[in-house]
Amino acid sequence: MLQTKSIRVLLAASVALLGLVALRMDTTAAELAVPGREIPTFQVDPSWPTIPSKWVLGPVSGLTVDSNDHVWVITRPREVVRPVEGKPAAPPIMEFDAAGTFIQGWGGPGQGYEWPNAEHGVTVDSKGFVWIAGRGKDDNQILKFTRDGKFVMQIGRSAQSKGNSDTTNVNLPADVTYYAKTNEIFVADGYGNRRVIVFDADSGKFKRMWGAFGNAPTDPNRWRIPEGWRGAVGYDPNKWTDDAEGGDSLDAQQGPQQFANVHSVRIANDGLVYVCDRSNQRVQVFTIDGEYLAQVFISRGHMTPSKATGTLFGKPRRDVENEVLKSAETASRITFSPDPQQRFLYVLDRRHQRILILIRKSLEIVGSFGDGVGDAPGQFYIMHDMATDSHNNFYTAEINENSRVQKFVFKGMRSTRAN
């Protein structure tokens, strides 16, 4: 674990140097490549995975890779975007091997636990237990199962959240992740609350929590249900909006002092905790105990409108791309390269539907991959989660019209050295 003062100063200095780069990321993949570096390259495998033909996939809101390099996905069977007559929705939890062969599927309401109303995040811990988070109406709980779907434990209860100070319940959690060294489960409690909260993975006992910059997470002054929102019961109408970006009211060096939408929490091998604050367009880094270290902004500011031609999903492609570009949401999920040092940090840039490649220790953005908005292999709409396996292969999950999983095969390192 890196907790020394010198490390904190180095991280802060590195991010300060990156400030101008991070403030506006309306750039192409070629422009992102930093000369004189080697970065990983990938090629999409359009045949992966094999979905049983009797089912249709709902939105794939999350995925994870276990110690056997099996890929686990969590879907929303009640929200199928493109229903097929005569085909039921696939089960919410599905396991595939590295070749894409379907292993098993399970999940849904049952006795002894409260299944979430909108499935959202999944992780498999080092002991083989499967953890699930949901962000639907009244989803104030996370669940723990055996790998074959037997219920083990529930933390929190449906419709019981008392806000950000509640240490018993969560409130529309987006993501869960496990840290073996402390046997703790970390929750990105970010749709109804705005915090990271930590529980003992065996007993479910509360351990600690924190907000942006390590501040105590607070409830906003007012809550309302946004028009058209199907799941969340809590929303902060005073959160920073796209119109405020870069203005006098926004501190360009720090940003808001509270999280807006904690959409992901992931932990590196050295104990550093990386949190995606999606609506505030940043990734923040903490020690395992919640001490703030650094942050990097992702695609912050106003984006250049799309000039695309043609159609996509029966709409002008330009309109589909602009809908994503105009969203205030950027840093959506992160994952790491699988080498022991985890040299690279991958960040899901939601605005551009691509994966950014960062040097993890310095948070320097050195490249990206993905072919942007679209429904062809290697394109995304809407990319929602990602993970790597032990062989450097990369997996992505998509919601909305695409509702699919993709595999990107690692093809080696590429020099970004200028000619």
# chains A, B, ... in the order shown; residues from 1 in each chain; ligands from 1
call {"tool": "residues_around", "arguments": {"residues": "Asp189 in chain A", "least_positions_apart": "5", "cutoff": "12 Å", "atoms": "only C-alpha atoms", "output": "PyMOL selection string"}}
result
chain A and resi 120-121+133-135+139-142+156+161+163-167+169-177+194-198+209-211+217+234+259-265+275-277
call {"tool": "residues_around", "arguments": {"residues": "range 144-148 of chain A", "least_positions_apart": "6", "cutoff": "12 Å", "atoms": "only C-alpha atoms", "output": "JSON, numbers by chain"}}
result
{"A": [66, 70, 72, 93, 94, 95, 103, 104, 105, 106, 107, 108, 110, 112, 113, 114, 115, 122, 123, 124, 125, 126, 127, 128, 129, 130, 131, 132, 133, 154, 155, 156, 176, 177, 178, 185, 201, 202, 203, 204]}
call {"tool": "closest_atom_pairs", "arguments": {"of": "range 376-401 of chain A", "to": "range 53-64 of chain A", "cutoff": "10 Å", "atoms": "only C-alpha atoms", "output": "Markdown table"}}
result
| residue | atom | partner | partner_atom | distance |
| --- | --- | --- | --- | --- |
| A:Ile382 | CA | A:Pro59 | CA | 9.4 |
| A:Met383 | CA | A:Ser61 | CA | 8.5 |
| A:His384 | CA | A:Ser61 | CA | 5.8 |
| A:Asp385 | CA | A:Gly62 | CA | 5.2 |
| A:Met386 | CA | A:Leu63 | CA | 6.5 |
| A:Ala387 | CA | A:Thr64 | CA | 5.8 |
| A:Thr388 | CA | A:Thr64 | CA | 8.1 |
| A:Asp389 | CA | A:Thr64 | CA | 9.0 |
| A:Tyr395 | CA | A:Leu63 | CA | 8.1 |
| A:Thr396 | CA | A:Leu63 | CA | 7.6 |
| A:Ala397 | CA | A:Val60 | CA | 5.5 |
| A:Glu398 | CA | A:Val60 | CA | 5.3 |
| A:Ile399 | CA | A:Pro59 | CA | 4.2 |
| A:Asn400 | CA | A:Pro59 | CA | 6.0 |
| A:Glu401 | CA | A:Pro59 | CA | 8.0 |
call {"tool": "atom_distance", "arguments": {"atom1": "CA of Gly370 in chain A", "atom2": "CA of Ile355 in chain A"}}
result
6.3 Å
call {"tool": "closest_residue", "arguments": {"among": "A:Lys87, A:Ile357, A:Arg278, A:Phe286", "to": "Arg333 in chain A", "atoms": "only C-alpha atoms"}}
result
A:Arg278
